[in-house]
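First the structure, in the form of structure tokens, and then the observations on it.
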Amino acid sequence: MAELNVNIGNLPLKNPVMTASGTFGYGIEYADFMDISRLGGIFVKGTTIQPREGNDYPRMAETPSGMLNAVGLQNKGADYFAEHIYPKIKDIDTNMIVNVSGSSIETYVECAEKIAELDRIPAIELNISCPNVKQGGMAFGVTACGAGEVVKAVRKVYPKTLIVKLSPNVTDIAEIAKAVEAEGADSVSLINTMLGMAIDAEKRKPILSTITGGLSGPCVKPIALRMVWQTYQAVKIPIIGLGGISNWKDAVEFMLAGASAIQIGTYNFVDPTVSIKVIDGLNDYCDRHGFKSVKELTGALNI
Amino acid sequence: MKVTGNYRLHKNYCLLKLTSDENLPEMFPGQFVEVRVENSPTTFLRRPISVNYVDKSKNELWLLIQLVGDGTRKMSEFRLGEIVNIMLPLGNGFTMPSKEQKNKKLLLIGGGVGTAPMLYLGACLKEAGFEPTFLLGARSKDDVLQLNEFQEFGTVYITTEDGSLGEKGYVTDHTILKEVCFDQIYTCGPKPMMMAVARYARAKAISCEVSLENMMACGLGACLCCVEKNKEGHNVCVCTEGPVFNIENLSWQS
Ligand SMILES: Cc1cc2nc3c(=O)[nH]c(=O)nc-3n(C[C@H](O)[C@H](O)[C@H](O)COP(=O)(O)OP(=O)(O)OC[C@H]3O[C@@H](n4cnc5c(N)ncnc54)[C@H](O)[C@@H]3O)c2cc1C
Ligand SMILES: Cc1cc2nc3c(=O)[nH]c(=O)nc-3n(C[C@H](O)[C@H](O)[C@H](O)COP(=O)(O)O)c2cc1C
Ligand code: FES
């Protein structure tokens with residue numbers, strides 16, 4: 001048995017395997033299929049200070065090894081979360097991390113302040129990379145300056161672990177990572193979805209109501225892996241890698257590229273128990289290769 | 001689950017029968033399952049399919065599938081004995097009338113492969129002592145499926161678009177709708193058909209439940225991809241709050 005625990009800044013995780021925001025609900029949706037407390041953490045749905053209806057249906061399109069989504073941050077708002085959802089999830093024995101979104105610096109800050117009041121939420125993931133909302137979201141995440149500004153403002157009001165989720169829709173992700181590190185982020189997670197598009201040839205119409213949407217799933221993995229690697233060269237804070245992970249081998253690859261922990265997103269839809277298989281697979285891999293701790297994998301790429 | 005039967009019904013449909021070593025959980029008419037389709041490179045996500053029938057004596061689940069793309073085509077090739085990964089049961093079923101309402105006239109309208117959940121609903125209604133009436137709509141007589149099974153559970157009326165079986169036209173054109181005043185309608189089929197049925201039900205003040213088939217990714221209420229607008233104009237998940245809705249709760253009726 002290898003040691004599986006890792007740390008993200010001051011936040012201890014029992015293992016590096018977590019589930020990605022927007023793909024795992026509030027965790028409880030999956031409780032019938034697995035013991036969700038075995039996870040290192042659960043990133044819950046994107047939350048904003050005000051309720052959001054999200055985009056119109058259709059919101060998804062399948063691709064041969066992934067999908068496009070255009071959900072658009074549908075959620076009932078931070079107050080509703082605090083009053084109605086938090087009580088149901090606060091005793092789940094893993095790190096429940098809230099993915100915080102906004103449309104302006106003020107709304108990011110307000111939402112972060114609200115979530116900071118909740119004792120059992122040890123961290124937030126600042127989503128500056130959602131491609132599916134018109135205002136804010138990705139607009140902040142695609143320039144080093146914009147990203148730095150939001151993180152600076154949120155850092156002032158948020159004392160716990162601050163993870164910043166980066167967009168792959170940029171020319172140089174390492175530059176953005178450096179900017180958020182400089183403003184006090186404890187960790188970066190990457191990648192969010194890649195901007196894409198799907199067309200129905202017969203109807204000569206876009207499939208998504210928003211025309212473009214965010215691509216995720218195994219098809220984005222090589223890009224995500226490359227970005228984790230580039231970011232690992234550029235920053236000292238721990239990296240949470242995600243994008244297309246569907247088995248333990250993918251998870252090992254992300255860690256070798258420089259990730260300290262990983263998240264699984266879209267693949268939960270294909271196999272709701274995939275994350276448990278990844279935890280077990282990581283352990284076997286470490287045993288097989290003589291690693292005493294999974295931490296030794298981070299950046300251990302032989303070049 | 002293990003495949004115990006896979007029958008091709010005409011050219012474009014198949015009936016898949018599956019069993020499990022464990023007792024199947026209780027399933028209600030209108031609920032659905034999510035089937036994983038392996039070895040089909042273009043089929044990444046699971047496919048939602050309605051419960052067509054549950055043969056409790058054989059611990060067997062039936063799925064009626066229309067072949068529309070790679071995923072459903074692959075399902076039609078599942079071999080006997082093959083193990084298929086299926087999540088079940090998902091969603092909420094139709095509201096069963098209470099026992100005191102034995103004399104209620106119940107109409108079950110299915111269009112195309114939307115007849116699938118109507119068979120199990122009819123079977124459960126019959127078992128509970130009701131006498132359901134079925135109205136099945138199809139393009140042509142070859143698209144009318146499981147007719148013998150339906151006849152076991154109630155009276156069956158048919159419309160086909162080309163007039164090759166039953167009355168010619170759409171389900172909402174059928175004369176039975178003019179002759180009999182039903183107390184409750186249940187329907188599943190293409191959305192334009194369900195909307196037409198809902199308009200009819202509303203005009204006659206008949207209570208009506210529809211089963212929606214929005215595109216789904218997770219089937220568990222986690223991804224929010226499958227939404228439909230409710231009467232307040234809010235997006236609700238079809239997979240967990242439906243797929244069965246009373247038309248009064250949907251925006252598209254007002
Ligand atoms: C709750 C629910 C219950 C269902 N029950 C049944 C059932 O009992 N029997 C059955 O045959 N089908 C049923 N469906 C529809 C079925 O899920 C789709 O036909 C199937 O996913 C298509 O997969 P494919 O890979 O063969 O086709 P794809 O290649 O994915 O698609 C082929 C074509 O079908 C269209 N399509 C795909 N999914 C849907 C959908 N959900 N609604 C409408 N059009 C779609 C696509 O736009 C495309 O034009 C149900 C759907 C839902 C949501
Ligand atoms: C349906 C869906 C909804 C998502 N919602 C969010 C969200 O609210 N906030 C966020 O930061 N990322 C969201 N994402 C992005 C994922 O968290 C993840 O970054 C991305 O899907 C890449 O990982 P994957 O390939 O493992 O899915 C969503 C993804 C999907 C597919
Ligand atoms: S399919 Fe994911 S929420 Fe309904």
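Residue numbering restarts at 1 in every chain; chains get A, B, ... in the order shown in the structure tokens, and ligands count up from 1 in that same order.
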TODO: Provide as a PyMOL selection string the residues of chain B at most 9 Å from chain A, counting only C-alpha atoms.
DONE: chain B and resi 36+41-46+214-229+234-235
- [ ] Determine which residues of segment 186-246 of chain A receive a DSSP assignment of strand (DSSP E), computed from the backbone, and state them as a ChimeraX atom specification.
- [x] /A:187-190,194-197,199-200,205-206,212-216,239-241
Could you list, with a cut-off of 7 Å and counting only C-alpha atoms and all ligand atoms, the residues of chain B near ligand 1, each shown with its nearest atom pair and the distance in Å rounded to one decimal, rows sorted by chain and ascending number, as a tab-separated table?
```
residue	atom	partner	partner_atom_place_in_ligand_line	distance
B:Phe32	CA	ligand 1	1 (C)	5.6
B:Thr43	CA	ligand 1	25 (O)	5.8
B:Arg47	CA	ligand 1	21 (O)	4.5
B:Pro48	CA	ligand 1	17 (O)	4.3
B:Ile49	CA	ligand 1	5 (N)	3.5
B:Ser50	CA	ligand 1	8 (O)	3.8
B:Val51	CA	ligand 1	8 (O)	6.4
B:Asn52	CA	ligand 1	8 (O)	6.4
B:Leu63	CA	ligand 1	8 (O)	6.1
B:Leu64	CA	ligand 1	9 (N)	5.2
B:Ile65	CA	ligand 1	11 (O)	3.4
B:Gln66	CA	ligand 1	11 (O)	3.7
B:Leu67	CA	ligand 1	26 (O)	5.8
B:Val68	CA	ligand 1	26 (O)	4.6
B:Gly69	CA	ligand 1	26 (O)	3.2
B:Asp70	CA	ligand 1	25 (O)	4.4
B:Gly71	CA	ligand 1	25 (O)	3.2
B:Thr72	CA	ligand 1	26 (O)	3.6
B:Arg73	CA	ligand 1	26 (O)	5.9
B:Val113	CA	ligand 1	9 (N)	5.5
B:Gly114	CA	ligand 1	8 (O)	6.6
B:Ala116	CA	ligand 1	8 (O)	5.1
B:Pro117	CA	ligand 1	8 (O)	6.5
B:Leu212	CA	ligand 1	1 (C)	6.2
B:Glu213	CA	ligand 1	53 (C)	3.5
B:Asn214	CA	ligand 1	53 (C)	4.6
B:Met215	CA	ligand 1	41 (N)	4.1
B:Met216	CA	ligand 1	53 (C)	5.9
B:Cys239	CA	ligand 1	1 (C)	6.7
B:Pro243	CA	ligand 1	1 (C)	5.6
```
Expected file contents, prior selection, C-alpha atoms, as a compact mmCIF listing (two decimals), in the first residue's frame:
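What follows is the written file part-v9.txt:
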```txt
# COMPACT_ATOMS: atom_id res chain seq x y z
CA PHE B 32 -35.55 4.66 -18.08
CA THR B 43 -20.69 6.39 -29.11
CA ARG B 47 -27.78 5.92 -24.26
CA PRO B 48 -31.04 6.56 -22.37
CA ILE B 49 -33.71 3.96 -23.18
CA SER B 50 -37.17 3.57 -21.62
CA VAL B 51 -38.27 0.52 -19.73
CA ASN B 52 -40.40 -1.27 -22.33
CA LEU B 63 -35.85 -2.49 -24.18
CA LEU B 64 -37.42 -1.52 -27.49
CA ILE B 65 -34.93 0.32 -29.63
CA GLN B 66 -35.21 2.24 -32.86
CA LEU B 67 -32.00 2.19 -34.86
CA VAL B 68 -31.25 5.83 -35.56
CA GLY B 69 -27.47 6.03 -35.27
CA ASP B 70 -24.30 4.17 -34.35
CA GLY B 71 -25.18 3.61 -30.70
CA THR B 72 -28.58 2.07 -31.28
CA ARG B 73 -27.25 0.09 -34.24
CA VAL B 113 -40.68 4.25 -30.68
CA GLY B 114 -42.46 6.34 -28.02
CA ALA B 116 -41.99 1.64 -25.77
CA PRO B 117 -42.90 2.85 -22.25
CA LEU B 212 -39.84 13.64 -22.63
CA GLU B 213 -36.76 12.40 -24.46
CA ASN B 214 -34.30 15.27 -24.14
CA MET B 215 -30.66 14.57 -24.90
CA MET B 216 -28.85 13.45 -21.78
CA CYS B 239 -33.60 12.98 -16.09
CA PRO B 243 -38.84 12.23 -17.80
```
Task: Of the listed residues B:Pro25, B:Gly91, B:Gly30, B:Pro190, that which approaches ligand 3 most closely, counting only C-alpha atoms and all ligand atoms - done: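 The closest residue to ligand 3 is B:Gly91.
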TODO: Mind the document's chain letters and residue numbers, and return as a PyMOL selection string the residues of segment 5-250 of chain B that DSSP labels alpha helix (DSSP H).
DONE: chain B and resi 70-75+116-127+147-153+176-179+191-203+238-241
Deliver the residues from the most recent selection as a file, using C-alpha atoms, as a compact mmCIF listing (two decimals), in the first residue's frame.
```txt
# COMPACT_ATOMS: atom_id res chain seq x y z
CA ASP B 70 -24.30 4.17 -34.35
CA GLY B 71 -25.18 3.61 -30.70
CA THR B 72 -28.58 2.07 -31.28
CA ARG B 73 -27.25 0.09 -34.24
CA LYS B 74 -24.56 -1.38 -32.01
CA MET B 75 -27.21 -2.31 -29.43
CA ALA B 116 -41.99 1.64 -25.77
CA PRO B 117 -42.90 2.85 -22.25
CA MET B 118 -46.63 2.50 -23.01
CA LEU B 119 -46.43 -1.29 -23.05
CA TYR B 120 -45.16 -1.53 -19.50
CA LEU B 121 -47.53 1.20 -18.37
CA GLY B 122 -50.42 -0.69 -19.93
CA ALA B 123 -49.29 -3.93 -18.30
CA CYS B 124 -49.08 -2.33 -14.85
CA LEU B 125 -52.46 -0.62 -15.26
CA LYS B 126 -54.06 -3.89 -16.32
CA GLU B 127 -52.47 -5.68 -13.36
CA LEU B 147 -49.15 -5.19 -31.41
CA ASN B 148 -49.86 -8.63 -29.90
CA GLU B 149 -48.40 -7.59 -26.58
CA PHE B 150 -50.44 -4.40 -26.50
CA GLN B 151 -53.62 -6.31 -27.29
CA GLU B 152 -53.04 -8.48 -24.23
CA PHE B 153 -53.39 -5.47 -21.97
CA ILE B 176 -61.76 7.54 -30.93
CA LEU B 177 -60.78 10.94 -29.57
CA LYS B 178 -64.08 12.34 -30.78
CA GLU B 179 -66.16 9.38 -29.65
CA LYS B 191 -42.19 16.21 -29.39
CA PRO B 192 -44.54 17.71 -32.02
CA MET B 193 -46.89 14.76 -31.43
CA MET B 194 -46.79 15.15 -27.66
CA MET B 195 -47.48 18.86 -28.03
CA ALA B 196 -50.48 18.14 -30.26
CA VAL B 197 -51.75 15.60 -27.72
CA ALA B 198 -51.23 18.12 -24.94
CA ARG B 199 -53.21 20.75 -26.87
CA TYR B 200 -56.05 18.27 -27.29
CA ALA B 201 -55.94 17.31 -23.60
CA ARG B 202 -55.92 20.91 -22.53
CA ALA B 203 -58.82 21.85 -24.80
CA VAL B 238 -35.67 15.90 -17.39
CA CYS B 239 -33.60 12.98 -16.09
CA THR B 240 -34.39 13.48 -12.39
CA GLU B 241 -37.54 15.62 -12.30
```
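For the residues A:Thr273, A:Asn283, A:Thr210, A:Thr298, ranking by smallest atom-to-atom distance to Ala257 of chain A using only C-alpha atoms places A:Thr298 first.
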Open item on the list: Need the shell around Leu16 of chain B: protein/DNA/RNA residues with any atom at most 9 Å away, counting only C-alpha atoms. Skip same-chain ones fewer than 2 positions apart. Format as a list in words?
Closed with: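 These residues fall inside the cut-off: Val3, Thr4, Gly5, Asn6, Tyr7, Arg8, Cys14, Leu18, Leu61, Trp62, Leu63, Leu64, Ile65, Met75, Ser76 and Phe78 of chain B.
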Using only C-alpha atoms, which protein or nucleic acid residues come within 9 Å of Lys76 of chain A? Drop anything in the same chain fewer than 5 positions from it, and give the result as a compact mmCIF listing (two decimals) with C-alpha atoms, in the first residue's frame.
```
# COMPACT_ATOMS: atom_id res chain seq x y z
CA THR A 47 -21.92 28.75 -8.05
CA THR A 48 -22.61 32.44 -8.54
CA ILE A 49 -23.85 35.05 -6.09
CA GLN A 50 -27.18 35.45 -7.96
CA PRO A 51 -29.21 32.52 -9.29
CA ARG A 52 -28.66 31.77 -12.98
CA GLU A 53 -31.00 29.97 -15.40
CA PHE A 81 -26.41 26.84 -1.72
```
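Counting only C-alpha atoms, Asn23 of chain B has the following residues at most 10 Å away, ignoring those fewer than 3 positions along the same chain: Thr19, Ser20, Glu26, Lys56, Lys58, Asn59 and Glu60 of chain B.
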Please save C-alpha atoms of the selected residues as a PDB file, in the first residue's frame.
```pdb
ATOM      1  CA  THR B  19     -31.458 -10.396 -17.130  1.00  0.00           C
ATOM      2  CA  SER B  20     -29.312 -10.132 -14.041  1.00  0.00           C
ATOM      3  CA  GLU B  26     -38.589  -2.508  -8.798  1.00  0.00           C
ATOM      4  CA  LYS B  56     -40.886 -10.344 -13.279  1.00  0.00           C
ATOM      5  CA  LYS B  58     -38.069 -14.294 -15.648  1.00  0.00           C
ATOM      6  CA  ASN B  59     -36.278 -11.390 -13.920  1.00  0.00           C
ATOM      7  CA  GLU B  60     -36.071  -9.874 -17.369  1.00  0.00           C
TER       8      GLU B  60
END
```
TODO: Fewer than 2 positions away in the same chain doesn't count, so skip those; otherwise give me all residues within 9 Å of Ser251 of chain B, counting only C-alpha atoms, as a PyMOL selection string.
DONE: chain B and resi 228-234+247-249+253-254
